[in-house]
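Raw entry38.txt, compact mmCIF, C-alpha atoms:
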```
# COMPACT_ATOMS: atom_id res chain seq x y z
CA ARG S 1 91.28 -20.95 143.58
CA LYS S 2 88.79 -19.86 140.91
CA GLU S 3 91.58 -19.67 138.31
CA SER S 4 92.80 -23.13 139.33
CA SER S 5 89.27 -24.53 139.10
CA ALA S 6 88.73 -22.94 135.69
CA ALA S 7 92.04 -24.35 134.41
CA SER S 8 91.05 -27.77 135.71
CA ASP S 9 87.71 -27.58 133.89
CA VAL S 10 89.46 -26.64 130.65
CA TYR S 11 91.90 -29.53 131.08
CA LYS S 12 89.06 -31.98 131.70
CA ARG S 13 87.17 -30.79 128.60
CA GLN S 14 90.33 -31.02 126.48
CA ALA S 15 91.13 -34.46 127.86
CA GLY S 16 87.61 -35.60 127.05
CA THR S 17 87.91 -34.25 123.49
CA ASP S 18 91.29 -35.95 122.94
CA GLU S 19 89.97 -39.21 124.36
CA LEU S 20 86.99 -39.18 122.00
CA PHE S 21 89.24 -38.42 119.02
CA LEU S 22 91.50 -41.39 119.80
CA GLN S 23 88.53 -43.71 120.28
CA ASN S 24 87.05 -42.76 116.90
CA HIS S 25 90.42 -42.96 115.16
CA LEU S 26 91.05 -46.45 116.54
CA LYS S 27 87.53 -47.57 115.65
CA ASN S 28 87.86 -46.43 112.02
CA PHE S 29 91.27 -48.13 111.67
CA ILE S 30 89.97 -51.47 113.00
CA MET S 31 86.82 -51.36 110.89
CA ARG S 32 88.92 -50.86 107.73
CA HIS S 33 91.74 -53.35 108.29
CA PHE S 34 90.52 -56.21 110.53
CA PRO S 35 88.14 -59.17 109.99
CA PRO S 36 84.57 -59.19 111.40
CA SER S 37 85.49 -61.29 114.47
CA VAL S 38 87.95 -58.64 115.63
CA LYS S 39 85.41 -55.90 114.96
CA VAL S 40 82.84 -57.61 117.20
CA PHE S 41 85.41 -58.04 119.97
CA PHE S 42 86.40 -54.38 119.69
CA ASN S 43 82.82 -53.13 120.00
CA ILE S 44 82.19 -55.26 123.11
CA ALA S 45 85.45 -54.11 124.73
CA ARG S 46 84.77 -50.48 123.86
CA LYS S 47 81.30 -50.52 125.45
CA THR S 48 82.63 -52.21 128.59
CA ILE S 49 85.44 -49.67 129.00
CA LEU S 50 83.14 -46.70 128.39
CA GLY S 51 80.65 -48.07 130.94
CA ARG S 52 83.36 -48.32 133.57
CA MET S 53 84.62 -44.84 132.77
CA HIS S 54 81.11 -43.46 133.15
CA LYS S 55 80.77 -45.08 136.58
CA ARG S 56 84.18 -43.72 137.58
CA ASP S 57 83.31 -40.18 136.50
CA HIS S 58 79.95 -40.42 138.27
CA VAL S 59 81.60 -41.30 141.57
CA VAL S 60 84.08 -38.42 141.24
CA THR S 61 81.26 -36.00 140.51
CA LEU S 62 79.34 -37.04 143.62
CA GLY S 63 82.36 -36.37 145.85
CA ALA S 64 83.36 -38.07 149.07
CA MET S 65 80.95 -38.44 151.96
CA PRO S 66 81.82 -36.18 154.93
CA ASP S 67 84.06 -38.00 157.39
CA LEU S 68 83.43 -37.54 161.11
CA THR S 69 86.12 -39.98 162.20
CA ASN S 70 87.94 -38.76 165.34
CA LYS S 71 84.97 -36.56 166.28
CA THR S 72 82.91 -37.15 169.41
CA ILE S 73 79.30 -36.01 169.44
CA ALA S 74 77.20 -35.37 172.55
CA VAL S 75 73.48 -36.18 172.58
CA LEU S 76 71.76 -34.42 175.48
CA ALA S 77 68.47 -36.00 176.58
CA THR S 78 66.42 -37.51 179.38
CA ASP S 79 63.26 -39.64 179.66
CA GLY S 80 60.45 -38.79 177.27
CA PHE S 81 62.59 -37.98 174.23
CA GLU S 82 61.07 -38.35 170.77
CA ASP S 83 62.49 -41.75 169.90
CA SER S 84 63.47 -41.20 166.26
CA GLU S 85 64.83 -37.72 166.96
CA LEU S 86 67.52 -39.26 169.13
CA THR S 87 68.22 -42.58 167.43
CA SER S 88 68.18 -41.42 163.82
CA PRO S 89 70.64 -38.47 164.10
CA ALA S 90 72.88 -40.54 166.39
CA GLU S 91 72.98 -43.32 163.81
CA ALA S 92 73.66 -40.85 160.99
CA VAL S 93 76.76 -39.37 162.63
CA LYS S 94 77.95 -42.82 163.72
CA ASN S 95 77.71 -44.01 160.14
CA ALA S 96 79.91 -41.07 159.16
CA GLY S 97 82.56 -42.25 161.64
CA ALA S 98 81.77 -40.27 164.79
CA THR S 99 81.73 -41.50 168.37
CA VAL S 100 78.46 -40.69 170.15
CA HIS S 101 77.92 -40.17 173.89
CA VAL S 102 74.41 -39.95 175.32
CA ILE S 103 74.48 -37.46 178.18
CA SER S 104 71.74 -37.25 180.78
CA THR S 105 71.05 -36.20 184.36
CA GLU S 106 71.13 -39.68 185.90
CA GLU S 107 73.04 -42.92 185.37
CA GLY S 108 71.57 -46.02 183.77
CA SER S 109 69.33 -45.59 180.75
CA ILE S 110 66.68 -43.23 179.45
CA GLU S 111 63.44 -44.17 177.73
CA GLY S 112 61.78 -42.51 174.77
CA LYS S 113 58.08 -41.72 174.73
CA ASN S 114 57.53 -44.71 172.43
CA GLY S 115 59.56 -47.12 174.54
CA THR S 116 63.06 -46.95 173.06
CA LYS S 117 65.69 -47.42 175.79
CA VAL S 118 69.13 -45.87 175.41
CA ASP S 119 72.11 -46.29 177.72
CA VAL S 120 73.52 -43.16 179.33
CA ASP S 121 77.25 -42.73 178.74
CA LYS S 122 77.96 -39.59 180.76
CA LEU S 123 76.27 -37.31 183.27
CA THR S 124 75.67 -33.60 182.71
CA SER S 125 77.52 -32.95 185.96
CA SER S 126 80.71 -34.63 184.72
CA VAL S 127 81.22 -33.25 181.20
CA SER S 128 81.87 -29.95 179.45
CA ALA S 129 81.73 -28.65 175.90
CA ASP S 130 85.52 -29.01 175.77
CA ASP S 131 85.05 -32.79 175.69
CA TYR S 132 83.02 -32.78 172.46
CA ASP S 133 83.00 -31.57 168.87
CA ALA S 134 79.24 -31.06 168.46
CA LEU S 135 75.92 -31.38 170.27
CA ILE S 136 72.54 -32.91 169.33
CA LEU S 137 69.35 -31.83 171.13
CA PRO S 138 66.45 -34.18 170.34
CA GLY S 139 62.86 -33.24 170.99
CA GLY S 140 60.01 -34.83 172.87
CA THR S 141 57.94 -32.54 175.05
CA VAL S 142 58.70 -34.25 178.38
CA ASN S 143 62.40 -34.60 177.59
CA ALA S 144 62.81 -31.01 176.48
CA ASP S 145 60.88 -29.62 179.43
CA GLN S 146 62.87 -31.64 181.99
CA ILE S 147 66.39 -31.27 180.60
CA ARG S 148 66.09 -27.48 180.60
CA ILE S 149 65.73 -27.32 184.39
CA ASP S 150 69.04 -29.11 184.96
CA LYS S 151 71.63 -26.39 185.59
CA ASP S 152 74.49 -28.58 184.37
CA ALA S 153 72.67 -29.27 181.12
CA VAL S 154 72.08 -25.56 180.58
CA ALA S 155 75.75 -24.83 181.32
CA LEU S 156 76.77 -27.48 178.80
CA VAL S 157 74.68 -25.88 176.07
CA LYS S 158 76.10 -22.46 176.93
CA GLY S 159 79.59 -23.91 176.60
CA PHE S 160 78.92 -25.23 173.09
CA ALA S 161 77.49 -21.88 172.01
CA ALA S 162 80.37 -19.90 173.54
CA ALA S 163 82.90 -22.11 171.73
CA ASN S 164 80.94 -21.78 168.47
CA LYS S 165 80.72 -25.56 168.23
CA PRO S 166 77.91 -27.06 166.09
CA ILE S 167 74.55 -27.58 167.79
CA GLY S 168 71.86 -29.65 166.08
CA VAL S 169 68.37 -29.17 167.49
CA ILE S 170 65.01 -30.56 166.42
CA CYS S 171 61.38 -30.20 167.44
CA HIS S 172 61.00 -29.19 171.14
CA GLY S 173 64.76 -29.52 171.69
CA GLY S 174 65.17 -25.77 171.29
CA TRP S 175 63.61 -25.02 174.66
CA ILE S 176 66.92 -25.38 176.48
CA LEU S 177 68.46 -22.81 174.13
CA THR S 178 66.12 -20.21 175.62
CA ASP S 179 67.32 -21.04 179.13
CA ALA S 180 70.94 -20.86 177.95
CA ASP S 181 70.17 -17.44 176.44
CA VAL S 182 71.98 -18.15 173.17
CA LEU S 183 69.29 -17.27 170.60
CA LYS S 184 69.50 -13.52 170.20
CA GLY S 185 69.73 -12.72 166.49
CA ARG S 186 69.82 -16.39 165.46
CA THR S 187 67.61 -17.95 162.80
CA ILE S 188 66.00 -21.22 163.83
CA THR S 189 63.06 -23.53 163.20
CA SER S 190 61.24 -25.90 165.56
CA TYR S 191 57.95 -27.58 166.29
CA ILE S 192 55.28 -24.91 165.86
CA SER S 193 54.29 -24.82 169.55
CA VAL S 194 57.81 -23.74 170.53
CA LYS S 195 57.80 -20.83 168.06
CA THR S 196 56.70 -18.10 170.50
CA ASP S 197 59.22 -19.11 173.18
CA LEU S 198 62.07 -18.98 170.68
CA ILE S 199 60.98 -15.61 169.33
CA ASN S 200 60.68 -14.22 172.87
CA ALA S 201 64.27 -15.39 173.45
CA GLY S 202 65.41 -13.23 170.51
CA ALA S 203 65.41 -15.72 167.65
CA ASN S 204 64.21 -15.23 164.10
CA TRP S 205 61.83 -18.20 163.67
CA VAL S 206 61.17 -19.66 160.20
CA ASP S 207 59.03 -22.55 159.03
CA GLU S 208 61.52 -24.62 157.00
CA GLU S 209 62.59 -28.26 156.78
CA VAL S 210 66.11 -27.53 157.95
CA VAL S 211 67.87 -24.27 158.82
CA VAL S 212 71.62 -23.80 159.06
CA ASP S 213 72.64 -20.55 160.75
CA GLY S 214 76.36 -20.71 161.42
CA ASN S 215 76.92 -23.35 164.07
CA LEU S 216 73.17 -23.81 164.66
CA ILE S 217 71.35 -26.53 162.67
CA SER S 218 67.62 -26.93 163.30
CA SER S 219 64.59 -28.85 162.03
CA ARG S 220 60.91 -29.11 162.94
CA THR S 221 59.66 -32.70 163.32
CA PRO S 222 60.56 -36.36 162.61
CA ALA S 223 59.31 -35.79 159.07
CA ASP S 224 62.41 -33.61 158.53
CA LEU S 225 64.94 -36.15 159.78
CA GLU S 226 66.42 -37.02 156.41
CA ALA S 227 67.31 -33.38 155.73
CA PHE S 228 68.30 -32.80 159.36
CA ASN S 229 70.67 -35.77 159.44
CA LYS S 230 72.28 -34.73 156.16
CA ALA S 231 72.86 -31.20 157.49
CA LEU S 232 74.35 -32.56 160.73
CA VAL S 233 76.86 -34.75 158.92
CA GLU S 234 77.81 -31.91 156.56
CA ASN S 235 78.22 -29.31 159.32
CA PHE S 236 79.60 -31.36 162.21
```
Starting from the file, lay out its structure as structure tokens.
Amino acid sequence: RKESSAASDVYKRQAGTDELFLQNHLKNFIMRHFPPSVKVFFNIARKTILGRMHKRDHVVTLGAMPDLTNKTIAVLATDGFEDSELTSPAEAVKNAGATVHVISTEEGSIEGKNGTKVDVDKLTSSVSADDYDALILPGGTVNADQIRIDKDAVALVKGFAAANKPIGVICHGGWILTDADVLKGRTITSYISVKTDLINAGANWVDEEVVVDGNLISSRTPADLEAFNKALVENF
């Protein structure tokens, strides 16, 4: 692969050199043999074409956005979730093409600590990790403390970990990972008040904006959501 990439780079450099040579050769020929009106037209056309080529090359350099089409993501939460820590990651993966199911302990809807209401799609008692491609665990102290005492929720998290499926967790959301006993030897970040619990569960806690440790993606607070969302889309 490295040899192929190197050969491709050489080809691109050579192609760029040849292209520049032809442009200059054509420019010199027109400037010598054509009237001023043609020269003006040539310069306008040349700048337009080069501008479009630059935009084209810029898009290629950026690469395609990760595509989560045909993937279904579970968001595990209950009342008292940190509003933006549920809605923002859910929107990010939806925008990348994923289907999102909000999973909770009771039917109806759940309400964030700031009043955001979200419909519940599935119950913890009726789903398994086999049904999904990845899991999001939003924070919110009340949410995180309540969801961890639901045995079906804990079993769901264990299932994702056992299958090595991606788990995105932010803020207090990591509490349920301690109950699922899936943190031994893992590197993770969280809201500072959860640090000791995660360490006691065997994790290596670090204070960073976003941490990706294999299938585990973690962040600290809503202030980290931009980086967290980007990491989710890239790793889901």
Select, from S:Thr105, S:Ser218, S:Asn200, S:Asn143, the residue with the minimum atom-to-atom distance to Asp79 in chain S, counting all atoms listed in the file.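 Residue with the minimum atom-to-atom distance to Asp79 in chain S: S:Asn143.
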Within 7 Å of range 181-184 of chain S, counting all atoms listed in the file, which residues show up once you throw out same-chain ones fewer than 3 positions away? Write them as a PyMOL selection string, please. chain S and resi 161+177-178+201-203
State, in Å with one decimal place, the distance from CA of Asp213 in chain S to CA of Asn70 in chain S. 24.2 Å
Show which residues sit within 10 Å of Ser125 in chain S, as a VMD selection string. Count all atoms listed in the file, and ignore same-chain residues fewer than 6 positions away. chain S and resid 103 to 106 150 to 153 155 to 156
Do you know which residues are at most 12 Å from Lys117 in chain S counting only C-alpha atoms, after dropping those on the same chain fewer than 3 positions away, and could you put them as a VMD selection string? chain S and resid 77 to 84 86 to 87 102 108 to 114 120
Output C-alpha atoms for every residue in the selection just made, as a compact mmCIF listing (two decimals), keeping the file's coordinate frame.
```txt
# COMPACT_ATOMS: atom_id res chain seq x y z
CA ALA S 77 68.47 -36.00 176.58
CA THR S 78 66.42 -37.51 179.38
CA ASP S 79 63.26 -39.64 179.66
CA GLY S 80 60.45 -38.79 177.27
CA PHE S 81 62.59 -37.98 174.23
CA GLU S 82 61.07 -38.35 170.77
CA ASP S 83 62.49 -41.75 169.90
CA SER S 84 63.47 -41.20 166.26
CA LEU S 86 67.52 -39.26 169.13
CA THR S 87 68.22 -42.58 167.43
CA VAL S 102 74.41 -39.95 175.32
CA GLY S 108 71.57 -46.02 183.77
CA SER S 109 69.33 -45.59 180.75
CA ILE S 110 66.68 -43.23 179.45
CA GLU S 111 63.44 -44.17 177.73
CA GLY S 112 61.78 -42.51 174.77
CA LYS S 113 58.08 -41.72 174.73
CA ASN S 114 57.53 -44.71 172.43
CA VAL S 120 73.52 -43.16 179.33
```
Can you work out the spacing between CA of Val210 in chain S and CA of Asp121 in chain S in Å, to one decimal?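 We find that CA of Val210 in chain S and CA of Asp121 in chain S lie 28.1 Å from each other.
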Pick out the residues sitting within 6 Å of range 189-199 of chain S, and hand them over as a PyMOL selection string; count all atoms listed in the file, and ignore anything fewer than 3 positions along from it in its own chain. chain S and resi 171-172+202-203+205-207+218-220
Quote the spacing between CA of Asp224 in chain S and CA of Glu209 in chain S in Å to one decimal place.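 Going from CA of Asp224 in chain S over to CA of Glu209 in chain S covers 5.6 Å.
Of the listed residues (S:Leu68, S:Glu91, S:Gly214, S:Glu85), S:Glu85 comes nearest to Leu137 in chain S; the distances count all atoms listed in the file.
Distance annotation: of S:Gln146, S:Thr124, S:Asn204, S:Thr99, the residue with the minimal separation from Asp179 in chain S is S:Gln146; atom set is only C-alpha atoms.
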